[in-house]
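K.L.:
Sharing a structure below in structure tokens format, with a few things to ask.
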Amino acid sequence: MLFVFADGGRSKYFKGRTGDCVTRAICNATGLDYKKVYDDLNALAKTERTGKRKHKKSNSRTGVYKRTFHKYLESIGYKWQATMNIGTGCRVHLCKDELPNGVIIVSLSSHLTCVKNGVLYDTYDCSRDETRCVYGYFYKD
């Protein structure tokens, strides 16, 4: 899979490295401004509930919970397609031949990334030589 370095526009606002893969993936896929997505996700995170398992709320810079980014992506018109269920094992890998064409936001273990027509857009090649398992992806009709 071809890899293209793309920080989603983060370099216009922040320096250094951080755990903002959700914000970057959304920006790379949609073309939305990094700061807008960053602020929108943080605003949505304020409505999260904490508990025994979730001790703190999401943050665009350090990590966003799955339920929060699902809600955000659905609000901007994206649909979820699962590629793996409990007990099925890995059936789809981060590989051009196993993913659909078009612009998709791919969910991996502890990571979200953007794939456009078989090309990976991220700050590093997270495909693990095209062996990384895909849990599902967001797409727009």
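Here, A, B, ... name the chains of the structure tokens in the order displayed, residue numbers run from 1 inside each chain, and ligands are numbered from 1 in the same displayed order.
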Would you kindly return, as a PDB file with N, CA, C and O atoms, in the first residue's frame, each protein, DNA or RNA residue with an atom no farther than 8 Å from any atom of A:Gln81, considering only C-alpha atoms and excluding same-chain residues fewer than 3 positions away?
P.N.:
```
ATOM      1  N   GLY A 136     -13.042  -2.079  10.981  1.00  0.00           N
ATOM      2  CA  GLY A 136     -14.145  -1.524  10.212  1.00  0.00           C
ATOM      3  C   GLY A 136     -13.725  -0.206   9.627  1.00  0.00           C
ATOM      4  O   GLY A 136     -12.592   0.248   9.825  1.00  0.00           O
ATOM      5  N   TYR A 137     -14.645   0.435   8.905  1.00  0.00           N
ATOM      6  CA  TYR A 137     -14.305   1.717   8.301  1.00  0.00           C
ATOM      7  C   TYR A 137     -15.560   2.573   8.162  1.00  0.00           C
ATOM      8  O   TYR A 137     -16.683   2.072   8.127  1.00  0.00           O
ATOM      9  N   PHE A 138     -15.336   3.860   8.104  1.00  0.00           N
ATOM     10  CA  PHE A 138     -16.396   4.843   7.857  1.00  0.00           C
ATOM     11  C   PHE A 138     -16.325   5.259   6.402  1.00  0.00           C
ATOM     12  O   PHE A 138     -15.230   5.446   5.859  1.00  0.00           O
ATOM     13  N   TYR A 139     -17.471   5.397   5.781  1.00  0.00           N
ATOM     14  CA  TYR A 139     -17.534   5.826   4.386  1.00  0.00           C
ATOM     15  C   TYR A 139     -18.706   6.790   4.230  1.00  0.00           C
ATOM     16  O   TYR A 139     -19.585   6.867   5.064  1.00  0.00           O
TER      17      TYR A 139
END
```
K.L.:
In terms of the shortest atom-to-atom distance over only C-alpha atoms, which of A:Met84, A:Asn28, A:Ser11, A:Ser58 is closest to A:Val119?
P.N.:
A:Asn28
K.L.:
Could you pull the residues within 10 Å of A:Lys66, counting only C-alpha atoms, minus those fewer than 2 positions along the same chain, as a list in words?
P.N.:
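Result of the neighbour search: Val22, Ser58, Gly63, Val64, Thr68, Phe69, His70, Lys71, Tyr72, Ser107, Ser110 and Leu112 of chain A.
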K.L.:
For A:Leu44, which residue out of A:Lys116, A:Arg67, A:Lys12, A:Arg61 is the nearest one, using only C-alpha atoms?
P.N.:
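The shortest atom-to-atom distance to A:Leu44 comes from A:Arg67.
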K.L.:
State, in Å with one decimal place, the distance from atom CA of A:Asp40 to atom CA of A:Ala6.
P.N.:
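Calculated distance between atom CA of A:Asp40 and atom CA of A:Ala6 is 20.4 Å.
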K.L.:
Return as a list of chain:residue names the full set of residues in stretch 44-84 of chain A whose backbone-based DSSP assignment is alpha helix (DSSP H).
P.N.:
A:Leu44, A:Ala45, A:Lys66, A:Arg67, A:Thr68, A:Phe69, A:His70, A:Lys71, A:Tyr72, A:Leu73, A:Glu74, A:Ser75
K.L.:
Based on DSSP run over this structure's backbone, return all residues of chain A in strand (DSSP E or B), as number ranges by chain.
P.N.:
A: 2-5, 59, 63, 79-82, 93, 103-108, 111-116, 119-122, 133, 136-139
K.L.:
Of the residues A:Gly102, A:Gly118, A:Gly51, A:Gly89, which is the one nearest to A:Cys133, using only C-alpha atoms?
P.N.:
A:Gly89
K.L.:
For the atom pair atom CA of A:Arg91 and atom CA of A:Gly77, what is the interatomic distance in Å to one decimal place?
P.N.:
26.0 Å
K.L.:
Using only C-alpha atoms for the distances, tell me which of A:Arg128, A:Arg53, A:Arg17, A:Lys79 is nearest to A:His93.
P.N.:
A:Arg128
K.L.:
How many Å lie between atom CA of A:Gly9 and atom CA of A:Ala25, rounded to one decimal?
P.N.:
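Separation between atom CA of A:Gly9 and atom CA of A:Ala25: 10.5 Å.
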K.L.:
Residues within 7 Å of A:Thr23, please, as an MDAnalysis selection string. Count only C-alpha atoms; anything in the same chain fewer than 6 positions from it doesn't count.
P.N.:
chainID A and resid 34 37:38 60
K.L.:
So which one's closest to A:Cys27, A:Cys90, A:Val4, A:Cys126, A:Cys114? Using only C-alpha atoms, please.
P.N.:
A:Cys114
